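Asks: Data: coords-v2.csv, CSV, N, CA and C atoms.
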chain,number,residue,atom,x,y,z
A,255,MET,N,175.8,97.7,123.2
A,255,MET,CA,176.1,97.0,121.9
A,255,MET,C,177.6,97.1,121.6
A,256,ALA,N,178.1,96.1,120.9
A,256,ALA,CA,179.5,96.1,120.5
A,256,ALA,C,179.6,96.8,119.1
A,257,VAL,N,180.7,97.2,118.8
A,257,VAL,CA,180.9,97.8,117.5
A,257,VAL,C,180.8,96.8,116.4
A,258,THR,N,180.0,97.1,115.4
A,258,THR,CA,179.9,96.2,114.2
A,258,THR,C,180.6,96.9,113.1
A,259,THR,N,181.5,96.2,112.4
A,259,THR,CA,182.3,96.7,111.3
A,259,THR,C,182.1,95.8,110.1
A,260,GLN,N,181.8,96.4,109.0
A,260,GLN,CA,181.7,95.7,107.7
A,260,GLN,C,182.8,96.1,106.8
A,261,LEU,N,183.4,95.2,106.1
A,261,LEU,CA,184.3,95.5,105.0
A,261,LEU,C,183.5,95.2,103.7
A,262,ARG,N,183.3,96.2,102.9
A,262,ARG,CA,182.5,96.0,101.7
A,262,ARG,C,183.4,96.2,100.4
A,263,THR,N,183.3,95.2,99.5
A,263,THR,CA,184.0,95.3,98.3
A,263,THR,C,182.9,95.3,97.1
A,264,TYR,N,183.0,96.3,96.3
A,264,TYR,CA,182.1,96.5,95.2
A,264,TYR,C,182.9,96.3,93.9
A,265,THR,N,182.3,95.6,93.0
A,265,THR,CA,182.8,95.6,91.6
A,265,THR,C,182.0,96.6,90.8
A,266,VAL,N,182.7,97.7,90.3
A,266,VAL,CA,182.0,98.8,89.7
A,266,VAL,C,182.0,98.5,88.2
A,267,ARG,N,180.9,98.9,87.5
A,267,ARG,CA,180.8,98.8,86.1
A,267,ARG,C,181.9,99.5,85.4
A,268,GLU,N,182.4,98.9,84.4
A,268,GLU,CA,183.6,99.5,83.6
A,268,GLU,C,183.3,100.9,83.2
A,269,GLY,N,184.2,101.8,83.5
A,269,GLY,CA,184.1,103.2,83.1
A,269,GLY,C,183.4,104.1,84.1
A,270,LEU,N,182.9,103.5,85.2
A,270,LEU,CA,182.1,104.3,86.2
A,270,LEU,C,182.8,104.4,87.5
A,271,LEU,N,184.0,103.9,87.7
A,271,LEU,CA,184.6,104.0,89.0
A,271,LEU,C,184.8,105.4,89.5
A,272,ASP,N,185.3,106.3,88.7
A,272,ASP,CA,185.5,107.7,89.2
A,272,ASP,C,184.2,108.3,89.5
A,273,GLU,N,183.2,108.1,88.7
A,273,GLU,CA,181.9,108.7,89.0
A,273,GLU,C,181.3,108.1,90.3
A,274,TRP,N,181.4,106.8,90.5
A,274,TRP,CA,180.9,106.2,91.7
A,274,TRP,C,181.6,106.8,92.9
A,275,VAL,N,183.0,106.9,92.9
A,275,VAL,CA,183.7,107.4,94.0
A,275,VAL,C,183.3,108.9,94.3
A,276,ARG,N,183.1,109.7,93.3
A,276,ARG,CA,182.6,111.1,93.5
A,276,ARG,C,181.3,111.1,94.2
A,277,ARG,N,180.4,110.3,93.7
A,277,ARG,CA,179.0,110.3,94.3
A,277,ARG,C,179.1,109.7,95.7
A,278,TRP,N,179.9,108.7,95.9
A,278,TRP,CA,180.0,108.1,97.2
A,278,TRP,C,180.5,109.2,98.2
A,279,GLN,N,181.6,109.9,97.8
A,279,GLN,CA,182.2,110.9,98.7
A,279,GLN,C,181.2,112.1,98.9
A,280,GLU,N,180.5,112.5,97.9
A,280,GLU,CA,179.7,113.7,98.0
A,280,GLU,C,178.3,113.5,98.6
A,281,GLU,N,177.8,112.3,98.4
A,281,GLU,CA,176.4,112.0,98.8
A,281,GLU,C,176.3,111.0,99.9
A,282,ILE,N,176.9,109.8,99.7
A,282,ILE,CA,176.8,108.7,100.7
A,282,ILE,C,177.5,109.0,102.0
A,283,VAL,N,178.7,109.4,101.9
A,283,VAL,CA,179.5,109.6,103.1
A,283,VAL,C,178.8,110.6,104.1
A,284,PRO,N,178.4,111.8,103.7
A,284,PRO,CA,177.8,112.7,104.6
A,284,PRO,C,176.6,112.1,105.3
A,285,LEU,N,175.7,111.4,104.5
A,285,LEU,CA,174.5,110.9,105.1
A,285,LEU,C,174.8,109.7,106.0
A,286,ARG,N,175.8,108.9,105.7
A,286,ARG,CA,176.2,107.8,106.6
A,286,ARG,C,176.7,108.4,107.9
A,287,LEU,N,177.5,109.4,107.8
A,287,LEU,CA,178.0,110.0,109.1
A,287,LEU,C,176.8,110.6,109.9
A,288,GLU,N,175.9,111.2,109.2
A,288,GLU,CA,174.7,111.8,109.9
A,288,GLU,C,173.9,110.8,110.6
A,289,PHE,N,173.9,109.6,110.1
A,289,PHE,CA,173.2,108.4,110.7
A,289,PHE,C,174.0,107.7,111.7
A,290,GLY,N,175.2,108.2,112.1
A,290,GLY,CA,176.0,107.7,113.2
A,290,GLY,C,177.0,106.6,112.8
A,291,PHE,N,177.1,106.4,111.5
A,291,PHE,CA,178.2,105.4,111.1
A,291,PHE,C,179.5,106.1,111.1
A,292,SER,N,180.6,105.3,111.2
A,292,SER,CA,181.9,105.8,111.1
A,292,SER,C,182.5,105.0,109.9
A,293,LEU,N,183.4,105.7,109.2
A,293,LEU,CA,184.0,105.1,108.0
A,293,LEU,C,185.5,105.0,108.3
A,294,GLY,N,186.1,103.8,108.2
A,294,GLY,CA,187.5,103.6,108.5
A,294,GLY,C,188.4,103.8,107.3
A,295,GLY,N,187.8,104.0,106.1
A,295,GLY,CA,188.6,104.3,104.9
A,295,GLY,C,187.9,103.7,103.7
A,296,ALA,N,188.5,104.1,102.6
A,296,ALA,CA,188.0,103.6,101.3
A,296,ALA,C,189.1,103.5,100.3
A,297,TRP,N,189.1,102.5,99.5
A,297,TRP,CA,190.2,102.3,98.5
A,297,TRP,C,189.7,101.9,97.2
A,298,ILE,N,190.4,102.1,96.1
A,298,ILE,CA,190.0,101.6,94.8
A,298,ILE,C,191.2,100.8,94.3
A,299,ASP,N,190.8,99.8,93.5
A,299,ASP,CA,191.7,98.9,92.8
A,299,ASP,C,191.2,99.0,91.3
A,300,ARG,N,191.9,99.9,90.6
A,300,ARG,CA,191.5,100.2,89.2
A,300,ARG,C,191.6,99.0,88.3
A,301,GLU,N,192.6,98.2,88.6
A,301,GLU,CA,192.8,97.0,87.7
A,301,GLU,C,191.6,96.1,87.7
A,302,ARG,N,191.0,96.0,88.8
A,302,ARG,CA,189.8,95.1,88.9
A,302,ARG,C,188.5,95.9,89.0
A,303,ASP,N,188.5,97.2,88.9
A,303,ASP,CA,187.3,98.0,89.0
A,303,ASP,C,186.6,97.8,90.4
A,304,HIS,N,187.4,97.7,91.4
A,304,HIS,CA,186.9,97.4,92.8
A,304,HIS,C,187.0,98.7,93.6
A,305,PHE,N,185.9,98.8,94.4
A,305,PHE,CA,185.9,99.9,95.4
A,305,PHE,C,185.7,99.2,96.7
A,306,VAL,N,186.6,99.4,97.7
A,306,VAL,CA,186.6,98.7,99.0
A,306,VAL,C,186.4,99.8,100.1
A,307,TRP,N,185.5,99.6,101.0
A,307,TRP,CA,185.4,100.5,102.1
A,307,TRP,C,185.0,99.8,103.4
A,308,GLU,N,185.3,100.5,104.5
A,308,GLU,CA,185.1,100.0,105.8
A,308,GLU,C,184.0,100.9,106.5
A,309,ILE,N,183.0,100.3,107.0
A,309,ILE,CA,181.9,101.0,107.7
A,309,ILE,C,181.6,100.4,109.0
A,310,SER,N,181.5,101.2,110.1
A,310,SER,CA,181.2,100.7,111.4
A,310,SER,C,180.0,101.4,112.0
A,311,TYR,N,179.4,100.8,113.0
A,311,TYR,CA,178.3,101.4,113.8
A,311,TYR,C,178.5,101.0,115.2
A,312,ASP,N,178.4,101.9,116.1
A,312,ASP,CA,178.6,101.7,117.6
A,312,ASP,C,177.5,102.5,118.3
A,313,GLY,N,176.3,102.1,118.2
A,313,GLY,CA,175.2,102.9,118.8
A,313,GLY,C,174.2,102.0,119.5
A,314,PRO,N,173.1,102.7,119.9
A,314,PRO,CA,172.1,101.9,120.6
A,314,PRO,C,171.3,100.9,119.8
A,315,GLU,N,171.3,101.1,118.5
A,315,GLU,CA,170.6,100.1,117.6
A,315,GLU,C,171.6,99.1,117.1
A,316,THR,N,171.1,98.0,116.5
A,316,THR,CA,172.0,97.1,115.8
A,316,THR,C,172.4,97.8,114.5
A,317,PHE,N,173.5,97.3,113.9
A,317,PHE,CA,174.0,97.7,112.6
A,317,PHE,C,172.8,97.6,111.6
A,318,ALA,N,172.2,96.4,111.6
A,318,ALA,CA,171.1,96.2,110.7
A,318,ALA,C,169.9,97.2,110.8
A,319,GLU,N,169.6,97.5,112.1
A,319,GLU,CA,168.5,98.4,112.3
A,319,GLU,C,168.9,99.8,111.8
A,320,ARG,N,170.1,100.2,112.1
A,320,ARG,CA,170.5,101.6,111.7
A,320,ARG,C,170.7,101.7,110.2
A,321,ASN,N,171.2,100.6,109.6
A,321,ASN,CA,171.3,100.5,108.2
A,321,ASN,C,169.9,100.6,107.5
A,322,ALA,N,168.9,99.9,108.0
A,322,ALA,CA,167.6,100.0,107.5
A,322,ALA,C,167.0,101.4,107.6
A,323,ALA,N,167.3,102.1,108.7
A,323,ALA,CA,166.8,103.5,108.9
A,323,ALA,C,167.5,104.4,107.8
A,324,TYR,N,168.8,104.2,107.6
A,324,TYR,CA,169.5,104.9,106.5
A,324,TYR,C,168.8,104.7,105.2
A,325,TRP,N,168.6,103.5,104.8
A,325,TRP,CA,168.0,103.2,103.5
A,325,TRP,C,166.6,103.7,103.3
A,326,ASP,N,165.8,103.7,104.4
A,326,ASP,CA,164.4,104.1,104.4
A,326,ASP,C,164.3,105.6,104.6
A,327,SER,N,165.3,106.4,104.8
A,327,SER,CA,165.2,107.8,105.0
A,327,SER,C,164.9,108.6,103.8
A,328,PRO,N,164.2,109.7,103.9
A,328,PRO,CA,163.9,110.6,102.8
A,328,PRO,C,165.1,111.1,102.2
A,329,GLU,N,166.2,111.3,103.0
A,329,GLU,CA,167.4,111.9,102.4
A,329,GLU,C,168.1,110.9,101.5
A,330,ARG,N,168.0,109.6,101.8
A,330,ARG,CA,168.6,108.6,100.9
A,330,ARG,C,167.8,108.5,99.7
A,331,GLU,N,166.5,108.5,99.8
A,331,GLU,CA,165.6,108.5,98.7
A,331,GLU,C,165.8,109.7,97.7
A,332,ALA,N,166.1,110.8,98.3
A,332,ALA,CA,166.3,112.0,97.5
A,332,ALA,C,167.6,112.0,96.7
A,333,MET,N,168.5,111.1,97.0
A,333,MET,CA,169.8,111.0,96.3
A,333,MET,C,169.5,110.6,94.8
A,334,ALA,N,168.5,109.8,94.6
A,334,ALA,CA,168.2,109.2,93.3
A,334,ALA,C,169.5,108.5,92.8
A,335,LEU,N,170.1,107.7,93.7
A,335,LEU,CA,171.3,106.9,93.4
A,335,LEU,C,171.0,105.5,93.7
A,336,ASP,N,170.8,104.7,92.6
A,336,ASP,CA,170.6,103.3,92.7
A,336,ASP,C,171.9,102.6,92.5
A,337,PRO,N,172.4,101.9,93.5
A,337,PRO,CA,173.6,101.2,93.4
A,337,PRO,C,173.7,100.3,92.2
A,338,LYS,N,172.6,99.7,91.7
A,338,LYS,CA,172.5,98.8,90.6
A,338,LYS,C,173.0,99.5,89.3
A,339,ASP,N,172.9,100.8,89.3
A,339,ASP,CA,173.3,101.5,88.1
A,339,ASP,C,174.9,101.6,88.0
A,340,TYR,N,175.5,101.3,89.1
A,340,TYR,CA,177.0,101.4,89.2
A,340,TYR,C,177.7,100.1,89.5
A,341,LEU,N,177.0,99.3,90.3
A,341,LEU,CA,177.7,98.1,90.8
A,341,LEU,C,177.3,96.8,90.1
A,342,VAL,N,178.3,96.0,89.7
A,342,VAL,CA,178.1,94.7,89.1
A,342,VAL,C,177.9,93.7,90.2
A,343,SER,N,178.7,93.8,91.3
A,343,SER,CA,178.5,92.9,92.4
A,343,SER,C,179.0,93.5,93.7
A,344,THR,N,178.5,93.0,94.8
A,344,THR,CA,178.9,93.5,96.1
A,344,THR,C,179.3,92.3,97.0
A,345,GLU,N,180.3,92.5,97.9
A,345,GLU,CA,180.6,91.5,98.9
A,345,GLU,C,180.7,92.2,100.2
A,346,VAL,N,180.0,91.8,101.2
A,346,VAL,CA,179.9,92.4,102.5
A,346,VAL,C,180.4,91.3,103.5
A,347,ARG,N,181.4,91.7,104.3
A,347,ARG,CA,181.9,90.8,105.3
A,347,ARG,C,181.9,91.5,106.6
A,348,GLU,N,181.4,90.9,107.6
A,348,GLU,CA,181.5,91.5,109.0
A,348,GLU,C,182.8,91.1,109.5
A,349,VAL,N,183.6,92.0,110.0
A,349,VAL,CA,184.9,91.8,110.5
A,349,VAL,C,185.1,92.3,111.9
A,350,THR,N,186.0,91.7,112.6
A,350,THR,CA,186.3,92.1,114.0
A,350,THR,C,187.8,92.6,114.1
A,351,ARG,N,188.0,93.8,114.6
A,351,ARG,CA,189.3,94.3,114.8
A,351,ARG,C,190.1,93.6,115.8
A,352,VAL,N,191.3,93.1,115.5
A,352,VAL,CA,192.2,92.5,116.4
A,352,VAL,C,193.4,93.3,116.7
A,353,TYR,N,193.6,94.4,115.9
A,353,TYR,CA,194.7,95.3,116.2
A,353,TYR,C,194.4,96.7,115.6
Please rewrite the model in this file as structure tokens.
Replies:
Amino acid sequence: MAVTTQLRTYTVREGLLDEWVRRWQEEIVPLRLEFGFSLGGAWIDRERDHFVWEISYDGPETFAERNAAYWDSPEREAMALDPKDYLVSTEVREVTRVY
């Protein structure tokens, strides 16, 4: 399988950007890494309440299969973290590294 990389841009509800970043760092990142994903970085744009991050998967399953396993896991369920509580909108683009 080839590496699949997504660039994700989230618009976070006003006033929740710092809380979202904290929960993402403390809860989401460790579990994503445990499931074999790699993270290329994360950025915030405070002016627009945007959170942007890069996530990749290079394993025996497809990105979609591994992502479904992540979402269906008891560990993800135990987070009690519903993105809808924080995010107004999401944009996910699959990108290919050229450099």
Asks: Of the candidates A:Ile309, A:Leu270, A:Ala256, A:Leu261, which shows the shortest atom-to-atom distance to A:Arg347, using all atoms listed in the file?
Replies: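 Going through A:Ile309, A:Leu270, A:Ala256, A:Leu261 one by one, the smallest distance to A:Arg347 is for A:Leu261.
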Asks: Mind pulling up the distance from atom C of A:Glu345 to atom C of A:Trp307?
Replies: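 Result for atom C of A:Trp307 versus atom C of A:Glu345: 9.3 Å, one decimal.
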Asks: Quick one: everything within 6.5 Å of stretch 313-323 of chain A, counting only N, CA and C atoms, minus sequence neighbours fewer than 4 positions away in the same chain. Send it as a list in words.
Replies: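 Neighbouring residues, sequence-local ones excluded: Met255, Ala256, Val257, Thr258 and Ser327 of chain A.
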Asks: Create the file for the chosen residues now, containing N, CA and C atoms and written as a PDB file, keeping the file's coordinate frame.
Replies:
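Now in part.pdb:
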ATOM      1  N   MET A 255     175.800  97.700 123.200  1.00  0.00           N
ATOM      2  CA  MET A 255     176.100  97.000 121.900  1.00  0.00           C
ATOM      3  C   MET A 255     177.600  97.100 121.600  1.00  0.00           C
ATOM      4  N   ALA A 256     178.100  96.100 120.900  1.00  0.00           N
ATOM      5  CA  ALA A 256     179.500  96.100 120.500  1.00  0.00           C
ATOM      6  C   ALA A 256     179.600  96.800 119.100  1.00  0.00           C
ATOM      7  N   VAL A 257     180.700  97.200 118.800  1.00  0.00           N
ATOM      8  CA  VAL A 257     180.900  97.800 117.500  1.00  0.00           C
ATOM      9  C   VAL A 257     180.800  96.800 116.400  1.00  0.00           C
ATOM     10  N   THR A 258     180.000  97.100 115.400  1.00  0.00           N
ATOM     11  CA  THR A 258     179.900  96.200 114.200  1.00  0.00           C
ATOM     12  C   THR A 258     180.600  96.900 113.100  1.00  0.00           C
ATOM     13  N   SER A 327     165.300 106.400 104.800  1.00  0.00           N
ATOM     14  CA  SER A 327     165.200 107.800 105.000  1.00  0.00           C
ATOM     15  C   SER A 327     164.900 108.600 103.800  1.00  0.00           C
TER      16      SER A 327
END
Asks: Smallest atom-to-atom distance to A:Tyr324: which of A:Asp339, A:Asp303, A:Asp272, A:Glu288, using only C-alpha atoms?
Replies: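 Closest to A:Tyr324 of all the choices is A:Glu288.
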Asks: Per DSSP on the backbone, filter chain A down to the residues in helix (DSSP H, G or I) and report them as a ChimeraX atom specification.
Replies: /A:271-288,300-302,317-326,328-332,337-339
Asks: Please compute the atom N of A:Arg276-atom CA of A:Trp297 distance, one decimal, in Å.
Replies: 11.5 Å
Asks: To one decimal place in Å, what is the distance between atom N of A:Pro284 and atom CA of A:Glu301?
Replies: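 Calculated distance between atom N of A:Pro284 and atom CA of A:Glu301 is 26.1 Å.
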Asks: Residues near A:Arg302, anyone? I mean within 10 Å using only C-alpha atoms, not counting same-chain ones fewer than 5 positions away, as a VMD selection string.
Replies: chain A and resid 265 to 266 268
Asks: With N, CA and C atoms retained, export the selected residues as a PDB file, keeping the file's coordinate frame.
Replies:
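The new file selection_0.pdb reads:
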ATOM      1  N   THR A 265     182.300  95.600  93.000  1.00  0.00           N
ATOM      2  CA  THR A 265     182.800  95.600  91.600  1.00  0.00           C
ATOM      3  C   THR A 265     182.000  96.600  90.800  1.00  0.00           C
ATOM      4  N   VAL A 266     182.700  97.700  90.300  1.00  0.00           N
ATOM      5  CA  VAL A 266     182.000  98.800  89.700  1.00  0.00           C
ATOM      6  C   VAL A 266     182.000  98.500  88.200  1.00  0.00           C
ATOM      7  N   GLU A 268     182.400  98.900  84.400  1.00  0.00           N
ATOM      8  CA  GLU A 268     183.600  99.500  83.600  1.00  0.00           C
ATOM      9  C   GLU A 268     183.300 100.900  83.200  1.00  0.00           C
TER      10      GLU A 268
END
Asks: For A:Glu329, which residue out of A:Ser310, A:Glu280, A:Leu285, A:Trp274 is the nearest one, using only C-alpha atoms?
Replies: A:Leu285
Asks: Taking (181.6, 98.9, 95.2) in the coordinates of the supplied file, I want to know which residues reach to within 6 Å of it, counting only N, CA and C atoms; could you give the answer as a PDB file with N, CA and C atoms, in the frame of the given file?
Replies:
ATOM      1  N   THR A 263     183.300  95.200  99.500  1.00  0.00           N
ATOM      2  CA  THR A 263     184.000  95.300  98.300  1.00  0.00           C
ATOM      3  C   THR A 263     182.900  95.300  97.100  1.00  0.00           C
ATOM      4  N   TYR A 264     183.000  96.300  96.300  1.00  0.00           N
ATOM      5  CA  TYR A 264     182.100  96.500  95.200  1.00  0.00           C
ATOM      6  C   TYR A 264     182.900  96.300  93.900  1.00  0.00           C
ATOM      7  N   THR A 265     182.300  95.600  93.000  1.00  0.00           N
ATOM      8  CA  THR A 265     182.800  95.600  91.600  1.00  0.00           C
ATOM      9  C   THR A 265     182.000  96.600  90.800  1.00  0.00           C
ATOM     10  N   VAL A 266     182.700  97.700  90.300  1.00  0.00           N
ATOM     11  CA  VAL A 266     182.000  98.800  89.700  1.00  0.00           C
ATOM     12  C   VAL A 266     182.000  98.500  88.200  1.00  0.00           C
ATOM     13  N   HIS A 304     187.400  97.700  91.400  1.00  0.00           N
ATOM     14  CA  HIS A 304     186.900  97.400  92.800  1.00  0.00           C
ATOM     15  C   HIS A 304     187.000  98.700  93.600  1.00  0.00           C
ATOM     16  N   PHE A 305     185.900  98.800  94.400  1.00  0.00           N
ATOM     17  CA  PHE A 305     185.900  99.900  95.400  1.00  0.00           C
ATOM     18  C   PHE A 305     185.700  99.200  96.700  1.00  0.00           C
ATOM     19  N   VAL A 306     186.600  99.400  97.700  1.00  0.00           N
ATOM     20  CA  VAL A 306     186.600  98.700  99.000  1.00  0.00           C
ATOM     21  C   VAL A 306     186.400  99.800 100.100  1.00  0.00           C
ATOM     22  N   LEU A 341     177.000  99.300  90.300  1.00  0.00           N
ATOM     23  CA  LEU A 341     177.700  98.100  90.800  1.00  0.00           C
ATOM     24  C   LEU A 341     177.300  96.800  90.100  1.00  0.00           C
TER      25      LEU A 341
END
Asks: Measuring atom to atom with only C-alpha atoms, identify which of A:Val352, A:Met333, A:Val342, A:Ala296 is nearest to A:Glu281.
Replies: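 Of A:Val352, A:Met333, A:Val342, A:Ala296, the one nearest A:Glu281, counting only C-alpha atoms, is A:Met333.
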Asks: Can you list every residue in chain A that DSSP puts in strand (DSSP E or B), as a ChimeraX atom specification?
Replies: /A:258-266,291-299,304-311,341-349
Asks: Quick one: of A:Asp336, A:Leu271, A:Leu287, A:Gln279, who's nearest to A:Arg300, counting only N, CA and C atoms?
Replies: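 Closest to A:Arg300, using only N, CA and C atoms: A:Leu271.
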Asks: For A:Ser343, which of A:Gln260, A:Ser292, A:Val283, A:Arg267 is the closest residue, counting only N, CA and C atoms?
Replies: A:Arg267
